[in-house]
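Worksheet: one structure, shown below.
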Amino acid sequence: MSRLLVAAVAGLIFGLGLAVSEMVNPQKVIGFLDVAGNWDPSLALVMGGALVVTGGTFGFILKRSEPLFDTGFHFRPETISMPNYYSALEYLALGGASSVYAPAPQLQSWPMVKWTRSGLW
Amino acid sequence: MFFLIENFTPVTAIARGILIDLSAAIFLWGNGRIAGVSGILGGMLSRDFGSWPWRILFALGMVAGVFIYRSAGGTLQDIELTSSLPILVLGGVLVGIGSSLGSGCTNGHGLCGLGRRSGRSLAATLVFMGIAGVTVYVTRHVMGGVL
């Protein structure tokens, strides 16, 4: 039960963060990647600002032997061979840039586009 | 010089960073998991049905976050989808392949992974950001935005 609550709260704050920064808007993401065009460096600050804090909090959390509501931390083993790994990342990058979505904004954008057009807002 | 860049929104960018970080920290502290969206959703393809409830709740929470922001008086620009449907679908499929083979996406690697000082995540972030930039350059400035 606590685990479900944590997931819902974390998801909610995550969504709020994306909305506040307008990173639900693909144009905002492509603006960051488009260095040669009308460059929008906001995403760098989003990442940078968060990194400063995660760098601190994560270190503190990972000193624990286990999380609050589970028996261990879940990290994927770092065992992928490098050639395979880089080609996979290229897929991700190409996919991300061609539709200019990371998965998170994509998840949020679709219902938003639909509901905006339906006049709900 | 930064204030000359018209699309730059530094305050909201930092606010988001802190919110996302808070979310990632809560998730790691409580459940011991990385708040990466591709991993959370992608995990639903496994046969681990017991994990579905928290995965679904995280996703619903994300969507609900936007509604809360709107109903609290927050404004969002209209979202423009400039790509055609087949391109969006293709992009989504590629993102799925890439993030599963690469073990994560923007938040999982770029935020959480770097936060726990994972070398793999640093490599991942540099590679996918770099290549995404090149892809945008090619599609926008070489191919003239046909995608």
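Ligands are numbered from 1 in the order shown, chains are lettered A, B, ... in the order of the structure tokens, and residues start at 1 in each chain.
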
Selection near stretch 48-56 of chain B, 6 Å with only C-alpha atoms, sequence-local residues under 5 positions removed, as a PyMOL selection string = (chain A and resi 4+7) or (chain B and resi 40)

Residues of chain B no more than 6 Å from chain A, counting only C-alpha atoms: send them over as a JSON list (two decimals) with C-alpha atoms, in the first residue's frame.
[["chain", "number", "residue", "atom", "x", "y", "z"],
["B", 7, "ASN", "CA", 12.58, 31.33, -25.75],
["B", 8, "PHE", "CA", 14.61, 30.98, -22.58],
["B", 9, "THR", "CA", 12.54, 30.32, -19.43],
["B", 10, "PRO", "CA", 15.08, 29.93, -16.61],
["B", 12, "THR", "CA", 10.35, 27.52, -14.63],
["B", 13, "ALA", "CA", 13.26, 25.40, -15.80],
["B", 14, "ILE", "CA", 14.86, 25.42, -12.36],
["B", 16, "ARG", "CA", 10.92, 21.85, -12.82],
["B", 17, "GLY", "CA", 14.31, 20.53, -12.05],
["B", 18, "ILE", "CA", 13.62, 20.70, -8.34],
["B", 19, "LEU", "CA", 10.18, 19.08, -8.71],
["B", 20, "ILE", "CA", 11.52, 16.25, -10.85],
["B", 21, "ASP", "CA", 14.33, 15.75, -8.40],
["B", 23, "SER", "CA", 9.90, 13.02, -7.36],
["B", 27, "PHE", "CA", 10.65, 7.20, -5.47],
["B", 29, "TRP", "CA", 13.84, 6.55, -1.00],
["B", 30, "GLY", "CA", 10.44, 4.87, -0.70],
["B", 31, "ASN", "CA", 10.52, 2.16, -3.34],
["B", 32, "GLY", "CA", 14.18, 1.89, -4.23],
["B", 33, "ARG", "CA", 13.50, 2.49, -7.89],
["B", 37, "VAL", "CA", 9.46, 6.68, -17.49],
["B", 54, "TRP", "CA", 2.42, 0.94, -9.05],
["B", 57, "LEU", "CA", -0.33, 4.73, -10.62],
["B", 58, "PHE", "CA", 2.92, 6.47, -11.49],
["B", 61, "GLY", "CA", -0.03, 10.56, -11.40],
["B", 62, "MET", "CA", 2.02, 12.09, -14.18],
["B", 63, "VAL", "CA", -1.01, 12.90, -16.27],
["B", 65, "GLY", "CA", 0.03, 16.51, -12.44],
["B", 66, "VAL", "CA", -0.75, 18.50, -15.56],
["B", 79, "ILE", "CA", 0.95, 22.01, -27.83],
["B", 88, "LEU", "CA", 5.20, 10.06, -34.49],
["B", 91, "GLY", "CA", 9.57, 7.91, -33.36],
["B", 94, "LEU", "CA", 12.44, 3.88, -31.98],
["B", 95, "VAL", "CA", 12.30, 5.45, -28.54],
["B", 98, "GLY", "CA", 16.42, 2.50, -27.85],
["B", 99, "SER", "CA", 15.39, 3.05, -24.27],
["B", 101, "LEU", "CA", 18.32, -1.60, -25.20],
["B", 102, "GLY", "CA", 19.97, 1.41, -23.59],
["B", 111, "LEU", "CA", 18.88, 12.68, -13.91],
["B", 115, "GLY", "CA", 22.65, 11.55, -9.58],
["B", 116, "ARG", "CA", 24.02, 8.22, -8.44],
["B", 128, "PHE", "CA", 21.66, 10.47, -26.84],
["B", 131, "ILE", "CA", 22.87, 12.44, -31.49],
["B", 132, "ALA", "CA", 19.47, 14.00, -30.88],
["B", 133, "GLY", "CA", 21.06, 17.39, -31.56],
["B", 136, "VAL", "CA", 17.45, 17.88, -35.23]]

From a DSSP pass on the backbone, collect the residues of stretch 15-62 of chain A flagged as alpha helix (DSSP H) and hand them back as JSON, numbers by chain. {"A": [15, 16, 17, 18, 19, 20, 26, 27, 28, 29, 30, 31, 32, 33, 42, 43, 44, 45, 46, 47, 48, 49, 50, 51, 52, 53, 54, 55, 56, 57, 58, 59, 60, 61]}

Atoms kept (N, CA and C atoms) for selection, written as an mmCIF file, in the first residue's frame:
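File produced: result-v1.cif:
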data_model
loop_
_atom_site.group_PDB
_atom_site.id
_atom_site.type_symbol
_atom_site.label_atom_id
_atom_site.label_comp_id
_atom_site.auth_asym_id
_atom_site.auth_seq_id
_atom_site.Cartn_x
_atom_site.Cartn_y
_atom_site.Cartn_z
ATOM 1 N N GLY A 15 4.850 14.813 -12.960
ATOM 2 C CA GLY A 15 3.981 15.435 -13.964
ATOM 3 C C GLY A 15 3.887 16.940 -13.763
ATOM 4 N N LEU A 16 3.798 17.349 -12.517
ATOM 5 C CA LEU A 16 3.751 18.773 -12.208
ATOM 6 C C LEU A 16 5.013 19.472 -12.677
ATOM 7 N N GLY A 17 6.133 18.823 -12.426
ATOM 8 C CA GLY A 17 7.408 19.393 -12.848
ATOM 9 C C GLY A 17 7.484 19.563 -14.350
ATOM 10 N N LEU A 18 7.007 18.559 -15.076
ATOM 11 C CA LEU A 18 7.019 18.649 -16.535
ATOM 12 C C LEU A 18 6.110 19.771 -17.006
ATOM 13 N N ALA A 19 4.957 19.911 -16.368
ATOM 14 C CA ALA A 19 4.002 20.935 -16.779
ATOM 15 C C ALA A 19 4.555 22.338 -16.502
ATOM 16 N N VAL A 20 5.112 22.527 -15.318
ATOM 17 C CA VAL A 20 5.649 23.839 -14.938
ATOM 18 C C VAL A 20 6.696 24.294 -15.939
ATOM 19 N N PRO A 26 6.538 19.432 -26.995
ATOM 20 C CA PRO A 26 7.674 18.954 -27.792
ATOM 21 C C PRO A 26 8.486 20.088 -28.404
ATOM 22 N N GLN A 27 7.822 21.219 -28.669
ATOM 23 C CA GLN A 27 8.551 22.341 -29.267
ATOM 24 C C GLN A 27 9.632 22.867 -28.323
ATOM 25 N N LYS A 28 9.358 22.714 -27.033
ATOM 26 C CA LYS A 28 10.304 23.170 -26.030
ATOM 27 C C LYS A 28 11.555 22.278 -26.026
ATOM 28 N N VAL A 29 11.322 20.990 -26.240
ATOM 29 C CA VAL A 29 12.440 20.047 -26.250
ATOM 30 C C VAL A 29 13.260 20.205 -27.521
ATOM 31 N N ILE A 30 12.559 20.357 -28.648
ATOM 32 C CA ILE A 30 13.285 20.505 -29.917
ATOM 33 C C ILE A 30 14.042 21.830 -29.910
ATOM 34 N N GLY A 31 13.504 22.818 -29.196
ATOM 35 C CA GLY A 31 14.172 24.115 -29.096
ATOM 36 C C GLY A 31 15.535 24.002 -28.441
ATOM 37 N N PHE A 32 15.635 23.085 -27.483
ATOM 38 C CA PHE A 32 16.918 22.868 -26.809
ATOM 39 C C PHE A 32 17.897 22.154 -27.724
ATOM 40 N N LEU A 33 17.365 21.199 -28.501
ATOM 41 C CA LEU A 33 18.252 20.406 -29.361
ATOM 42 C C LEU A 33 18.689 21.188 -30.593
ATOM 43 N N SER A 42 16.698 26.237 -21.916
ATOM 44 C CA SER A 42 15.985 25.928 -20.669
ATOM 45 C C SER A 42 16.247 24.511 -20.168
ATOM 46 N N LEU A 43 16.224 23.546 -21.090
ATOM 47 C CA LEU A 43 16.349 22.149 -20.679
ATOM 48 C C LEU A 43 17.669 21.883 -19.956
ATOM 49 N N ALA A 44 18.704 22.621 -20.347
ATOM 50 C CA ALA A 44 19.993 22.448 -19.678
ATOM 51 C C ALA A 44 19.873 22.839 -18.202
ATOM 52 N N LEU A 45 19.106 23.896 -17.953
ATOM 53 C CA LEU A 45 18.906 24.327 -16.560
ATOM 54 C C LEU A 45 18.044 23.338 -15.795
ATOM 55 N N VAL A 46 17.043 22.798 -16.488
ATOM 56 C CA VAL A 46 16.193 21.783 -15.859
ATOM 57 C C VAL A 46 17.063 20.630 -15.388
ATOM 58 N N MET A 47 17.898 20.149 -16.293
ATOM 59 C CA MET A 47 18.762 19.014 -15.970
ATOM 60 C C MET A 47 19.790 19.424 -14.915
ATOM 61 N N GLY A 48 20.390 20.572 -15.137
ATOM 62 C CA GLY A 48 21.445 21.021 -14.226
ATOM 63 C C GLY A 48 20.919 21.252 -12.817
ATOM 64 N N GLY A 49 19.789 21.958 -12.726
ATOM 65 C CA GLY A 49 19.198 22.252 -11.430
ATOM 66 C C GLY A 49 18.855 20.979 -10.678
ATOM 67 N N ALA A 50 18.262 20.032 -11.394
ATOM 68 C CA ALA A 50 17.864 18.788 -10.756
ATOM 69 C C ALA A 50 19.084 17.970 -10.343
ATOM 70 N N LEU A 51 20.112 18.028 -11.186
ATOM 71 C CA LEU A 51 21.312 17.217 -10.919
ATOM 72 C C LEU A 51 22.008 17.632 -9.635
ATOM 73 N N VAL A 52 22.035 18.940 -9.405
ATOM 74 C CA VAL A 52 22.674 19.423 -8.184
ATOM 75 C C VAL A 52 21.991 18.791 -6.978
ATOM 76 N N VAL A 53 20.656 18.735 -7.053
ATOM 77 C CA VAL A 53 19.914 18.198 -5.915
ATOM 78 C C VAL A 53 19.980 16.669 -5.868
ATOM 79 N N THR A 54 19.805 16.005 -7.005
ATOM 80 C CA THR A 54 19.890 14.534 -6.972
ATOM 81 C C THR A 54 21.270 14.088 -6.518
ATOM 82 N N GLY A 55 22.291 14.830 -6.941
ATOM 83 C CA GLY A 55 23.649 14.471 -6.524
ATOM 84 C C GLY A 55 23.742 14.380 -5.011
ATOM 85 N N GLY A 56 23.049 15.295 -4.325
ATOM 86 C CA GLY A 56 23.049 15.282 -2.872
ATOM 87 C C GLY A 56 22.107 14.248 -2.281
ATOM 88 N N THR A 57 20.834 14.314 -2.675
ATOM 89 C CA THR A 57 19.843 13.432 -2.049
ATOM 90 C C THR A 57 20.120 11.957 -2.343
ATOM 91 N N PHE A 58 20.535 11.649 -3.577
ATOM 92 C CA PHE A 58 20.753 10.243 -3.921
ATOM 93 C C PHE A 58 21.864 9.634 -3.079
ATOM 94 N N GLY A 59 22.902 10.432 -2.875
ATOM 95 C CA GLY A 59 24.005 9.938 -2.062
ATOM 96 C C GLY A 59 23.535 9.581 -0.655
ATOM 97 N N PHE A 60 22.686 10.458 -0.125
ATOM 98 C CA PHE A 60 22.137 10.241 1.221
ATOM 99 C C PHE A 60 21.252 8.993 1.239
ATOM 100 N N ILE A 61 20.366 8.865 0.244
ATOM 101 C CA ILE A 61 19.425 7.731 0.212
ATOM 102 C C ILE A 61 20.173 6.410 0.052
#

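Between atom CA of B:Gly104 and atom CA of B:Val138 lies a distance of 24.5 Å.
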
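Note that atom CA of B:Gly96 and atom CA of B:Ser46 are 13.9 Å apart.
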
What separates atom CA of B:Val127 and atom CA of B:His109 is a distance of 11.0 Å
